[in-house]
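Reproduced below: entry.cif, with mmCIF, C-alpha atoms.
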```cif
data_entry
loop_
_atom_site.label_atom_id
_atom_site.label_comp_id
_atom_site.auth_asym_id
_atom_site.auth_seq_id
_atom_site.Cartn_x
_atom_site.Cartn_y
_atom_site.Cartn_z
CA MET A 819 -6.87 39.84 6.98
CA ALA A 820 -5.14 36.67 5.89
CA GLU A 821 -5.79 33.49 7.85
CA PRO A 822 -3.02 32.82 10.35
CA THR A 823 -0.73 29.89 9.61
CA ARG A 824 -1.67 26.98 11.82
CA ILE A 825 1.24 25.01 13.29
CA THR A 826 0.24 21.88 15.20
CA LEU A 827 2.75 20.84 17.83
CA THR A 828 2.52 17.10 18.43
CA GLU A 829 3.42 15.51 21.74
CA GLU A 830 5.75 12.83 20.52
CA GLY A 831 7.17 14.13 17.29
CA PRO A 832 7.10 16.84 14.67
CA ALA A 833 5.36 20.20 14.29
CA LEU A 834 2.80 20.06 11.48
CA VAL A 835 2.74 23.10 9.21
CA SER A 836 0.11 23.65 6.52
CA GLY A 837 0.94 24.73 3.01
CA PRO A 838 4.20 24.98 1.09
CA VAL A 839 6.98 26.07 3.42
CA GLU A 840 10.59 27.10 3.22
CA LEU A 841 12.69 26.34 6.27
CA GLU A 842 15.88 28.29 6.88
CA LEU A 843 18.57 26.55 8.90
CA PRO A 844 21.13 28.31 11.15
CA ASP A 845 23.77 28.06 8.42
CA GLY A 846 21.49 29.84 5.98
CA THR A 847 20.59 26.81 3.86
CA ARG A 848 16.95 26.64 2.88
CA VAL A 849 14.80 23.55 2.63
CA ARG A 850 11.59 23.76 0.65
CA SER A 851 8.55 21.50 1.03
CA ASP A 852 5.56 21.72 -1.31
CA ARG A 853 3.35 19.30 0.61
CA ALA A 854 -0.13 20.25 1.82
CA VAL A 855 1.20 19.45 5.29
CA THR A 856 4.87 19.35 6.25
CA ALA A 857 6.13 17.56 9.37
CA VAL A 858 9.01 19.61 10.77
CA CYS A 859 11.34 17.63 13.04
CA HIS A 860 11.29 18.84 16.62
CA CYS A 861 13.23 16.07 18.33
CA ARG A 862 16.37 16.44 16.20
CA ARG A 863 16.55 12.69 15.65
CA SER A 864 15.54 12.88 11.98
CA LYS A 865 18.20 11.81 9.52
CA ARG A 866 16.50 14.25 7.14
CA TYR A 867 16.43 17.17 9.55
CA PRO A 868 14.60 19.56 9.44
CA ILE A 869 12.01 17.23 7.82
CA CYS A 870 10.53 14.48 10.03
CA ASP A 871 11.36 10.89 9.01
CA ALA A 872 9.50 9.18 11.89
CA SER A 873 12.76 8.57 13.79
CA HIS A 874 11.01 9.77 16.96
CA ARG A 875 9.24 6.43 17.18
CA ARG A 876 9.86 4.20 20.15
CA LYS A 877 12.19 1.39 19.19
CA GLU A 878 12.02 -2.06 20.63
CA ARG A 879 15.03 -4.30 20.31
CA GLN A 880 14.27 -7.83 19.17
CA GLY A 881 16.37 -10.95 19.59
CA MET B 1202 -4.32 -7.69 -20.60
CA ILE B 1203 -6.63 -10.42 -19.31
CA PRO B 1204 -4.81 -12.70 -16.84
CA THR B 1205 -4.40 -16.45 -17.27
CA LEU B 1206 -6.81 -18.72 -15.41
CA ARG B 1207 -5.69 -20.49 -12.23
CA GLY B 1208 -8.54 -22.97 -11.76
CA PRO B 1209 -12.28 -23.49 -12.39
CA VAL B 1210 -13.48 -20.33 -10.60
CA SER B 1211 -11.16 -17.94 -12.40
CA ASP B 1212 -11.85 -19.89 -15.61
CA ALA B 1213 -15.58 -19.19 -15.18
CA VAL B 1214 -15.08 -15.47 -14.46
CA LEU B 1215 -12.61 -15.01 -17.33
CA GLY B 1216 -15.04 -16.84 -19.61
CA ARG B 1217 -17.75 -14.32 -18.74
CA LEU B 1218 -15.33 -11.44 -19.49
CA ARG B 1219 -14.87 -12.95 -22.94
CA GLY B 1220 -18.64 -12.98 -23.49
CA GLY B 1221 -19.51 -16.46 -22.24
CA THR B 1222 -22.22 -17.37 -19.73
CA LEU B 1223 -21.63 -17.77 -16.02
CA GLY B 1224 -23.33 -20.60 -14.14
CA GLU B 1225 -22.76 -21.91 -10.64
CA ILE B 1226 -19.16 -21.80 -9.48
CA PRO B 1227 -17.42 -24.45 -7.38
CA VAL B 1228 -16.20 -23.84 -3.82
CA ALA B 1229 -12.55 -22.76 -3.68
CA ASP B 1230 -9.91 -22.05 -1.01
CA PRO B 1231 -10.51 -18.42 0.08
CA TYR B 1232 -6.73 -17.73 0.12
CA GLY B 1233 -6.00 -19.78 -2.98
CA ASP B 1234 -4.83 -18.62 -6.40
CA ASP B 1235 -8.07 -19.53 -8.14
CA LEU B 1236 -10.43 -17.54 -5.90
CA GLN B 1237 -8.09 -14.59 -5.43
CA LEU B 1238 -7.50 -14.18 -9.17
CA ALA B 1239 -11.24 -14.50 -9.91
CA LEU B 1240 -11.99 -11.82 -7.30
CA TYR B 1241 -9.18 -9.62 -8.58
CA CYS B 1242 -10.63 -9.76 -12.11
CA CYS B 1243 -14.14 -8.93 -10.84
CA TYR B 1244 -12.73 -5.88 -9.08
CA GLU B 1245 -10.61 -4.78 -12.03
CA LEU B 1246 -13.84 -4.05 -13.92
CA HIS B 1247 -14.37 -1.21 -11.39
CA TYR B 1248 -10.90 0.25 -12.04
CA ARG B 1249 -9.54 0.24 -15.59
CA GLY B 1250 -11.25 -2.86 -16.99
CA TYR B 1251 -9.65 -4.94 -19.72
CA PRO B 1252 -9.06 -4.15 -23.39
CA GLY B 1253 -11.76 -5.74 -25.51
CA VAL B 1254 -14.00 -6.46 -22.51
CA ASP B 1255 -17.42 -4.78 -22.42
CA PRO B 1256 -17.15 -2.05 -19.73
CA GLU B 1257 -20.82 -2.62 -18.84
CA LEU B 1258 -19.83 -5.99 -17.38
CA GLU B 1259 -18.89 -3.96 -14.30
CA TRP B 1260 -22.59 -4.16 -13.38
CA ASP B 1261 -23.33 -7.59 -14.81
CA PRO B 1262 -25.68 -9.35 -12.33
CA ASP B 1263 -24.02 -12.74 -12.88
CA LEU B 1264 -20.54 -11.37 -12.18
CA LEU B 1265 -21.82 -9.41 -9.18
CA ARG B 1266 -23.47 -12.58 -7.83
CA VAL B 1267 -20.25 -14.53 -8.19
CA ARG B 1268 -18.19 -11.65 -6.80
CA ARG B 1269 -20.41 -11.59 -3.74
CA SER B 1270 -19.97 -15.30 -3.05
CA LEU B 1271 -16.17 -14.96 -3.43
CA GLU B 1272 -16.13 -11.92 -1.15
CA GLN B 1273 -18.17 -13.69 1.48
CA ALA B 1274 -15.80 -16.67 1.48
CA PHE B 1275 -12.74 -14.37 1.70
CA LEU B 1276 -14.27 -12.17 4.40
CA ALA B 1277 -15.42 -15.16 6.47
CA ARG B 1278 -11.89 -16.57 6.39
CA LEU B 1279 -10.39 -13.22 7.42
CA ARG B 1280 -12.89 -12.82 10.26
CA ALA B 1281 -11.98 -16.32 11.45
CA ASP B 1282 -8.21 -15.66 11.27
CA VAL B 1283 -8.17 -12.16 12.79
CA GLU B 1284 -8.79 -11.65 16.48
CA PRO B 1285 -11.52 -9.05 17.04
CA GLY B 1286 -10.84 -5.88 19.02
CA ALA B 1287 -12.19 -2.35 19.41
CA ASP B 1288 -9.35 -0.39 21.02
CA VAL B 1289 -8.10 1.69 18.08
CA ALA B 1290 -5.73 3.79 20.23
CA ALA B 1291 -3.93 0.68 21.52
CA GLU B 1292 -3.75 -0.69 17.99
CA VAL B 1293 -2.21 2.51 16.68
CA ASP B 1294 0.28 2.70 19.56
CA ALA B 1295 1.42 -0.84 18.80
CA LEU B 1296 1.97 0.02 15.13
CA LEU B 1297 4.12 3.00 16.10
CA VAL B 1298 6.68 0.91 17.97
CA GLU B 1299 9.51 0.08 15.60
CA PRO B 1300 11.17 -3.29 16.15
CA VAL B 1301 14.94 -3.04 15.62
CA GLY B 1302 17.91 -5.38 15.72
CA PRO B 1303 19.51 -8.02 13.52
CA GLN B 1304 16.86 -10.62 14.40
CA VAL B 1305 13.83 -8.69 13.10
CA ARG B 1306 12.16 -10.79 10.40
CA GLY B 1307 10.75 -8.79 7.54
CA VAL B 1308 11.05 -8.38 3.79
CA SER B 1309 12.41 -4.82 3.90
CA HIS B 1310 14.81 -5.82 6.70
CA HIS B 1311 16.08 -8.71 4.59
CA LEU B 1312 16.46 -6.56 1.48
CA GLN B 1313 18.35 -3.92 3.44
CA ARG B 1314 20.72 -6.44 5.02
CA CYS B 1315 21.55 -8.85 2.25
CA GLY B 1316 18.83 -8.99 -0.43
CA THR B 1317 19.93 -9.47 -4.03
CA LEU B 1318 18.96 -7.29 -6.94
CA GLU B 1319 16.77 -10.11 -8.25
CA GLN B 1320 14.92 -10.29 -4.91
CA LEU B 1321 14.43 -6.53 -4.98
CA ARG B 1322 12.98 -6.82 -8.49
CA GLU B 1323 10.66 -9.58 -7.26
CA TYR B 1324 9.54 -7.38 -4.37
CA VAL B 1325 8.77 -4.51 -6.75
CA THR B 1326 6.88 -6.94 -9.03
CA HIS B 1327 4.63 -7.99 -6.11
CA ARG B 1328 4.11 -4.39 -5.04
CA SER B 1329 3.29 -3.22 -8.58
CA VAL B 1330 -0.13 -4.86 -8.44
CA TYR B 1331 -1.12 -2.19 -5.92
CA HIS B 1332 1.24 0.70 -6.61
CA LEU B 1333 0.34 1.08 -10.28
CA LYS B 1334 -3.08 2.05 -8.91
CA GLU B 1335 -1.78 3.51 -5.68
CA ALA B 1336 -4.47 5.29 -3.63
CA ASP B 1337 -7.27 4.18 -6.00
CA PRO B 1338 -8.82 1.51 -3.74
CA GLN B 1339 -9.00 3.96 -0.85
CA ALA B 1340 -10.59 6.63 -3.05
CA TRP B 1341 -13.81 4.56 -2.98
CA VAL B 1342 -14.23 5.40 0.70
CA ILE B 1343 -14.25 9.20 0.24
CA PRO B 1344 -18.01 9.62 -0.37
CA ARG B 1345 -18.69 7.27 2.53
CA LEU B 1346 -17.11 9.65 5.04
CA SER B 1347 -18.16 13.12 6.07
CA GLY B 1348 -16.74 16.24 7.65
CA ALA B 1349 -13.23 16.27 9.13
CA ALA B 1350 -12.46 12.58 8.48
CA LYS B 1351 -13.26 13.04 4.80
CA ALA B 1352 -11.11 16.20 4.55
CA GLY B 1353 -8.22 14.42 6.30
CA LEU B 1354 -8.38 11.38 4.06
CA VAL B 1355 -8.51 13.54 0.94
CA THR B 1356 -5.43 15.47 2.14
CA VAL B 1357 -3.45 12.22 2.11
CA GLU B 1358 -4.99 11.00 -1.15
CA HIS B 1359 -4.19 14.34 -2.80
CA ASP B 1360 -0.54 13.87 -1.86
CA GLU B 1361 -0.59 10.29 -3.23
CA TYR B 1362 -1.92 11.68 -6.51
CA GLY B 1363 0.93 14.18 -6.73
CA SER B 1364 -0.84 17.23 -5.25
CA GLY B 1365 -2.09 18.22 -8.69
CA ARG B 1366 1.17 17.46 -10.50
CA PRO B 1367 0.90 14.29 -12.62
CA GLU B 1368 4.67 13.86 -12.70
CA ARG B 1369 4.62 13.46 -8.92
CA MET B 1370 1.84 10.90 -8.72
CA HIS B 1371 3.06 7.99 -6.65
CA SER B 1372 1.80 5.50 -9.25
CA ARG B 1373 3.97 7.30 -11.79
CA LEU B 1374 7.02 7.38 -9.52
CA PHE B 1375 6.50 3.64 -9.04
CA ALA B 1376 6.36 3.04 -12.80
CA GLU B 1377 9.58 5.03 -13.25
CA MET B 1378 11.23 2.83 -10.64
CA MET B 1379 10.00 -0.30 -12.43
CA ALA B 1380 11.38 0.94 -15.74
CA GLU B 1381 14.75 1.56 -14.18
CA LEU B 1382 14.73 -1.95 -12.71
CA GLY B 1383 13.92 -3.40 -16.14
CA LEU B 1384 10.32 -4.38 -15.33
CA SER B 1385 7.29 -3.86 -17.54
CA THR B 1386 5.33 -0.79 -16.45
CA GLN B 1387 2.26 -1.78 -18.43
CA TYR B 1388 -0.80 -1.77 -16.16
CA GLY B 1389 -1.74 -5.33 -15.23
CA ALA B 1390 1.17 -6.92 -17.11
CA LEU B 1391 2.65 -8.59 -14.02
CA VAL B 1392 -0.56 -9.95 -12.47
CA ASP B 1393 0.16 -13.44 -13.86
CA SER B 1394 3.52 -13.38 -12.08
CA VAL B 1395 2.24 -12.78 -8.56
CA PRO B 1396 0.77 -15.38 -6.19
CA ALA B 1397 -2.52 -15.39 -4.30
CA GLU B 1398 -0.88 -13.79 -1.25
CA THR B 1399 -0.15 -10.65 -3.29
CA LEU B 1400 -3.59 -10.49 -4.88
CA ALA B 1401 -5.26 -10.98 -1.48
CA GLU B 1402 -3.72 -7.77 -0.10
CA VAL B 1403 -5.09 -5.70 -2.98
CA ASN B 1404 -8.41 -7.57 -2.93
CA LEU B 1405 -8.85 -6.62 0.73
CA MET B 1406 -8.42 -2.95 -0.25
CA SER B 1407 -10.98 -3.23 -3.05
CA LEU B 1408 -13.40 -5.23 -0.90
CA CYS B 1409 -13.34 -2.65 1.91
CA GLY B 1410 -13.42 0.27 -0.52
CA LEU B 1411 -16.40 -0.97 -2.52
CA HIS B 1412 -18.59 -1.85 0.47
CA ARG B 1413 -19.92 1.08 2.45
CA SER B 1414 -20.56 -1.35 5.32
CA LEU B 1415 -16.79 -1.91 5.49
CA ARG B 1416 -15.77 1.78 5.46
CA GLY B 1417 -14.30 1.47 8.95
CA ALA B 1418 -12.15 -1.44 7.76
CA SER B 1419 -11.08 0.57 4.71
CA VAL B 1420 -9.88 3.40 6.94
CA GLY B 1421 -8.14 0.84 9.19
CA GLN B 1422 -6.36 -0.71 6.21
CA PHE B 1423 -5.33 2.75 4.98
CA ALA B 1424 -4.08 3.68 8.46
CA MET B 1425 -2.02 0.49 8.72
CA VAL B 1426 -0.20 1.28 5.49
CA GLU B 1427 0.39 4.94 6.27
CA LEU B 1428 1.52 4.28 9.85
CA THR B 1429 4.03 1.58 9.03
CA SER B 1430 5.46 2.55 5.67
CA SER B 1431 7.94 5.29 6.56
CA PRO B 1432 10.58 3.12 8.33
CA GLY B 1433 10.11 0.33 5.77
CA SER B 1434 10.66 2.81 2.94
CA GLU B 1435 13.90 3.96 4.57
CA ARG B 1436 15.12 0.34 4.63
CA LEU B 1437 14.28 -0.03 0.93
CA VAL B 1438 16.17 3.17 0.10
CA ARG B 1439 19.20 1.68 1.86
CA ALA B 1440 18.76 -1.63 0.03
CA MET B 1441 18.70 0.16 -3.30
CA ARG B 1442 21.72 2.30 -2.49
CA ARG B 1443 23.63 -0.82 -1.43
CA LEU B 1444 22.65 -2.55 -4.68
CA GLY B 1445 23.69 0.45 -6.75
CA CYS B 1446 20.21 1.25 -8.12
CA GLY B 1447 19.61 4.42 -10.08
CA PRO B 1448 17.90 7.63 -9.01
CA ALA B 1449 14.41 6.84 -10.33
CA ALA B 1450 14.41 3.56 -8.40
CA ILE B 1451 15.50 5.22 -5.18
CA ARG B 1452 13.14 8.18 -5.58
CA PHE B 1453 9.90 6.25 -5.01
CA TYR B 1454 10.78 4.94 -1.54
CA ASP B 1455 12.76 8.06 -0.71
CA GLU B 1456 9.61 10.12 -1.31
CA HIS B 1457 7.65 7.75 0.96
CA VAL B 1458 9.99 8.21 3.94
CA GLU B 1459 8.96 11.86 4.24
CA ALA B 1460 5.46 11.59 2.78
CA ASP B 1461 4.40 8.82 5.13
CA ALA B 1462 5.92 10.52 8.18
CA VAL B 1463 3.36 13.28 7.45
CA HIS B 1464 0.58 10.89 6.44
CA GLU B 1465 0.95 9.05 9.75
CA GLN B 1466 0.16 12.29 11.59
CA VAL B 1467 -2.71 13.26 9.30
CA VAL B 1468 -4.27 9.78 9.42
CA ARG B 1469 -4.19 9.69 13.22
CA ARG B 1470 -5.29 13.27 13.96
CA GLY B 1471 -7.22 14.11 10.82
CA VAL B 1472 -8.93 10.82 9.95
CA LEU B 1473 -9.10 8.30 12.82
CA ASP B 1474 -9.84 10.77 15.63
CA PRO B 1475 -12.73 12.61 13.89
CA LEU B 1476 -14.12 9.39 12.36
CA LEU B 1477 -14.33 7.68 15.75
CA ALA B 1478 -15.70 10.83 17.40
CA GLU B 1479 -18.51 10.88 14.86
CA GLU B 1480 -19.07 7.14 14.44
CA PRO B 1481 -17.64 5.38 17.53
CA GLU B 1482 -19.40 2.16 16.55
CA LEU B 1483 -16.89 1.79 13.68
CA ALA B 1484 -13.99 1.12 16.11
CA ALA B 1485 -14.23 -2.68 15.76
CA ASP B 1486 -14.17 -2.41 11.97
CA VAL B 1487 -11.16 -0.08 12.04
CA VAL B 1488 -9.31 -2.62 14.19
CA PHE B 1489 -10.43 -5.40 11.82
CA GLY B 1490 -9.06 -3.43 8.85
CA ILE B 1491 -5.71 -2.92 10.61
CA ARG B 1492 -5.39 -6.55 11.73
CA ALA B 1493 -6.63 -8.09 8.48
CA SER B 1494 -4.10 -6.10 6.45
CA LEU B 1495 -1.33 -6.97 8.93
CA HIS B 1496 -2.36 -10.64 8.67
CA LEU B 1497 -2.28 -10.63 4.86
CA GLY B 1498 0.98 -8.66 4.90
CA GLU B 1499 2.57 -11.32 7.11
CA ARG B 1500 1.37 -14.09 4.79
CA LEU B 1501 2.89 -12.32 1.81
CA GLY B 1502 6.11 -11.62 3.75
CA GLU B 1503 6.43 -15.31 4.62
CA ARG B 1504 5.84 -16.26 1.00
CA LEU B 1505 8.75 -14.04 -0.07
CA LEU B 1506 11.16 -14.88 2.76
CA GLY B 1507 10.32 -18.60 2.63
CA ALA B 1508 11.01 -18.78 -1.10
CA TRP B 1509 14.24 -16.82 -0.77
CA GLU B 1510 15.44 -19.00 2.10
CA ARG B 1511 14.93 -22.03 -0.14
CA GLY B 1512 16.84 -20.27 -2.90
CA GLU B 1513 13.70 -20.00 -5.04
CA SER B 1514 11.76 -17.22 -6.73
CA SER B 1515 8.75 -15.87 -4.81
CA LEU B 1516 6.90 -15.31 -8.09
CA ARG B 1517 4.59 -17.78 -9.84
CA GLN B 1518 6.43 -17.22 -13.07
CA ALA B 1519 9.32 -14.95 -13.79
CA PRO B 1520 8.12 -11.97 -15.83
CA GLU B 1521 9.87 -11.32 -19.08
CA SER B 1522 12.60 -8.80 -18.57
CA VAL B 1523 12.11 -5.75 -20.69
CA GLU B 1524 14.95 -3.59 -21.86
CA ARG B 1525 16.63 -2.02 -18.89
CA GLY B 1526 16.17 1.67 -18.21
CA PRO B 1527 18.96 4.16 -18.75
CA VAL B 1528 20.59 3.40 -15.40
CA GLU B 1529 21.56 -0.19 -14.74
CA CYS B 1530 21.58 -1.63 -11.25
CA GLY B 1531 24.96 -2.78 -10.16
CA GLY B 1532 24.17 -6.18 -8.67
CA GLU B 1533 25.10 -7.39 -5.22
CA ALA B 1534 27.38 -5.29 -3.10
#
```
Could I get this file's structure written as structure tokens?
Amino acid sequence: MAEPTRITLTEEGPALVSGPVELELPDGTRVRSDRAVTAVCHCRRSKRYPICDASHRRKERQG
Amino acid sequence: MIPTLRGPVSDAVLGRLRGGTLGEIPVADPYGDDLQLALYCCYELHYRGYPGVDPELEWDPDLLRVRRSLEQAFLARLRADVEPGADVAAEVDALLVEPVGPQVRGVSHHLQRCGTLEQLREYVTHRSVYHLKEADPQAWVIPRLSGAAKAGLVTVEHDEYGSGRPERMHSRLFAEMMAELGLSTQYGALVDSVPAETLAEVNLMSLCGLHRSLRGASVGQFAMVELTSSPGSERLVRAMRRLGCGPAAIRFYDEHVEADAVHEQVVRRGVLDPLLAEEPELAADVVFGIRASLHLGERLGERLLGAWERGESSLRQAPESVERGPVECGGEA
């Protein structure tokens, strides 16, 4: 039997998926990632949705 | 190419590289150009060396003796300037808060808001000293780790090296960006252009990588870069779009927005957590690595912003412009 795909759900941000992945969006478009680990956006704040761009980080206004 | 001397210490080290003898060296400012260049040249023997220089000088006892005294001066200064701590979790949490607003002072913030194409080219010149050997200094730490922390670190390093595809190596993407910005991509060609502040950042990486006793600091330095680079890369992408830069220039930082969003997660969960579970006594060194690299990063940032505020170049000498790449940058927006 093949090893199951491990998906790590992080508390604050993305889901981490191992191996090359292809993500299909509701409109049918597909996004491919060849990384060893892909961070899939879970908070919907990414400007590169469905790929995480660290936009989930807490922001602190200065000045 | 062998760099140009910047004082008696670098003169002595460069003389040895050319086959001369190496006696006692004078005391020099640990953050100064002379010491930092001398140390940089000692370390370079462990990377690619220099054309015409005997590769066996990497293990020359005289150079190693001098290197050690330079390292001790540099490290002592860093230990004096950096407040000690051992709470890695608090350190990481602080790095993950992103300061925003028009008042935030930072090089990437400046470049995004109003930097000129020339300032962007200067920034890339400074960064080239590391990025043309991106991930190499941290590769020294691999055999000094074990188990999960080692596997996690290699996962990130593998990505930096293009995941087995040379055309995706980050050092290569960086060189392609340099070519498009009209900068020389020859390894080591721009070292004479950059000041001590730039060399010190890379020297810290080599210092921590080459000393097993500093492996915790090496991981801390690596974590600092991977945890903070994604938002900064996004600002540089915006700067380049605003300045009308071409696709190869934009690609390097564009790749780092996504890559480092993943690396952040892998470094925290896959490297720091298992390393500290196995060797909790390394916590203080990890914090030292984070704070020392932040400290040197702030010094370099001030060098750049200070020079630009005075209307000057942040480089020691302007590098010769090589023929521009196929896509010209469009100048200020």
(request) Pull out every residue of chain A sitting within 12 Å of chain B, counting all atoms listed in the file, and send them as a PyMOL selection string. (result) chain A and resi 826-838+851-859+864-881
Output file for the selection above: C-alpha atoms, as a tab-separated table (two decimals), in the coordinates of the input:
```
chain	number	residue	atom	x	y	z
A	826	THR	CA	0.24	21.88	15.20
A	827	LEU	CA	2.75	20.84	17.83
A	828	THR	CA	2.52	17.10	18.43
A	829	GLU	CA	3.42	15.51	21.74
A	830	GLU	CA	5.75	12.83	20.52
A	831	GLY	CA	7.17	14.13	17.29
A	832	PRO	CA	7.10	16.84	14.67
A	833	ALA	CA	5.36	20.20	14.29
A	834	LEU	CA	2.80	20.06	11.48
A	835	VAL	CA	2.74	23.10	9.21
A	836	SER	CA	0.11	23.65	6.52
A	837	GLY	CA	0.94	24.73	3.01
A	838	PRO	CA	4.20	24.98	1.09
A	851	SER	CA	8.55	21.50	1.03
A	852	ASP	CA	5.56	21.72	-1.31
A	853	ARG	CA	3.35	19.30	0.61
A	854	ALA	CA	-0.13	20.25	1.82
A	855	VAL	CA	1.20	19.45	5.29
A	856	THR	CA	4.87	19.35	6.25
A	857	ALA	CA	6.13	17.56	9.37
A	858	VAL	CA	9.01	19.61	10.77
A	859	CYS	CA	11.34	17.63	13.04
A	864	SER	CA	15.54	12.88	11.98
A	865	LYS	CA	18.20	11.81	9.52
A	866	ARG	CA	16.50	14.25	7.14
A	867	TYR	CA	16.43	17.17	9.55
A	868	PRO	CA	14.60	19.56	9.44
A	869	ILE	CA	12.01	17.23	7.82
A	870	CYS	CA	10.53	14.48	10.03
A	871	ASP	CA	11.36	10.89	9.01
A	872	ALA	CA	9.50	9.18	11.89
A	873	SER	CA	12.76	8.57	13.79
A	874	HIS	CA	11.01	9.77	16.96
A	875	ARG	CA	9.24	6.43	17.18
A	876	ARG	CA	9.86	4.20	20.15
A	877	LYS	CA	12.19	1.39	19.19
A	878	GLU	CA	12.02	-2.06	20.63
A	879	ARG	CA	15.03	-4.30	20.31
A	880	GLN	CA	14.27	-7.83	19.17
A	881	GLY	CA	16.37	-10.95	19.59
```
(request) Go through the shown structure with the PyMOL selection byres ((chain B and resi 1406-1417) around 6) and write out the matching residues as a list in words. (result) Pro1338, Gln1339, Trp1341, Val1342, Val1403, Asn1404, Leu1405, Ala1418, Ser1419, Val1420, Leu1483, Asp1486 and Val1487 of chain B
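Going from CA of Gln1387 in chain B over to CA of Cys1242 in chain B, you cover 16.4 Å.
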Near Glu1245 in chain B, counting all atoms listed in the file, which residues have an atom at most 10 Å away, once you skip same-chain residues fewer than 5 positions from it, shown as a CSV table (one decimal) with C-alpha atoms, keeping the file's coordinate frame?
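Result file is part.csv:
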```
chain,number,residue,atom,x,y,z
B,1239,ALA,CA,-11.2,-14.5,-9.9
B,1240,LEU,CA,-12.0,-11.8,-7.3
B,1250,GLY,CA,-11.2,-2.9,-17.0
B,1251,TYR,CA,-9.6,-4.9,-19.7
B,1259,GLU,CA,-18.9,-4.0,-14.3
B,1389,GLY,CA,-1.7,-5.3,-15.2
B,1404,ASN,CA,-8.4,-7.6,-2.9
B,1407,SER,CA,-11.0,-3.2,-3.0
```
(request) Skip range 1220-1233 of chain B itself and residues of its chain fewer than 3 positions away, then list as a count of residues only all residues within 8 Å of it, counting all atoms listed in the file. (result) 18
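What the PyMOL selection byres ((chain B and resi 1292) around 12) matches in the given file is Pro1285, Gly1286, Ala1287, Asp1288, Val1289, Ala1290, Ala1291, Val1293, Asp1294, Ala1295, Leu1296, Leu1297, Val1298, Gly1421, Ala1424, Met1425, Leu1428, Arg1469, Leu1473, Ala1484, Ala1485, Val1487, Val1488, Phe1489, Gly1490, Ile1491, Arg1492 and Leu1495 of chain B.
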(request) Please evaluate the PyMOL selection byres ((chain B and resi 1374) around 12) against the displayed coordinates and give the resulting residues as a PyMOL selection string. (result) chain B and resi 1329+1332-1335+1361-1363+1366-1373+1375-1381+1386+1448-1457
Write the selection just made, keeping C-alpha atoms, as a compact mmCIF listing (two decimals), in the coordinates of the input?
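Final file, out.txt:
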```
# COMPACT_ATOMS: atom_id res chain seq x y z
CA SER B 1329 3.29 -3.22 -8.58
CA HIS B 1332 1.24 0.70 -6.61
CA LEU B 1333 0.34 1.08 -10.28
CA LYS B 1334 -3.08 2.05 -8.91
CA GLU B 1335 -1.78 3.51 -5.68
CA GLU B 1361 -0.59 10.29 -3.23
CA TYR B 1362 -1.92 11.68 -6.51
CA GLY B 1363 0.93 14.18 -6.73
CA ARG B 1366 1.17 17.46 -10.50
CA PRO B 1367 0.90 14.29 -12.62
CA GLU B 1368 4.67 13.86 -12.70
CA ARG B 1369 4.62 13.46 -8.92
CA MET B 1370 1.84 10.90 -8.72
CA HIS B 1371 3.06 7.99 -6.65
CA SER B 1372 1.80 5.50 -9.25
CA ARG B 1373 3.97 7.30 -11.79
CA PHE B 1375 6.50 3.64 -9.04
CA ALA B 1376 6.36 3.04 -12.80
CA GLU B 1377 9.58 5.03 -13.25
CA MET B 1378 11.23 2.83 -10.64
CA MET B 1379 10.00 -0.30 -12.43
CA ALA B 1380 11.38 0.94 -15.74
CA GLU B 1381 14.75 1.56 -14.18
CA THR B 1386 5.33 -0.79 -16.45
CA PRO B 1448 17.90 7.63 -9.01
CA ALA B 1449 14.41 6.84 -10.33
CA ALA B 1450 14.41 3.56 -8.40
CA ILE B 1451 15.50 5.22 -5.18
CA ARG B 1452 13.14 8.18 -5.58
CA PHE B 1453 9.90 6.25 -5.01
CA TYR B 1454 10.78 4.94 -1.54
CA ASP B 1455 12.76 8.06 -0.71
CA GLU B 1456 9.61 10.12 -1.31
CA HIS B 1457 7.65 7.75 0.96
```
(request) Please provide as a list in words all residues within 9 Å of Asp1282 in chain B, with the sequence filter that same-chain residues fewer than 4 positions apart are discarded (counting all atoms listed in the file). (result)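 Answer for this query is Ala1277, Arg1278, Ala1493 and His1496 of chain B.
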(request) Work out how far apart CA of Arg1442 in chain B and CA of Glu1323 in chain B are and give it in Å to one decimal. (result)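 One can read the CA of Arg1442 in chain B to CA of Glu1323 in chain B distance as 16.9 Å.
CA of Leu1206 in chain B lies 22.8 Å from CA of Val1325 in chain B.
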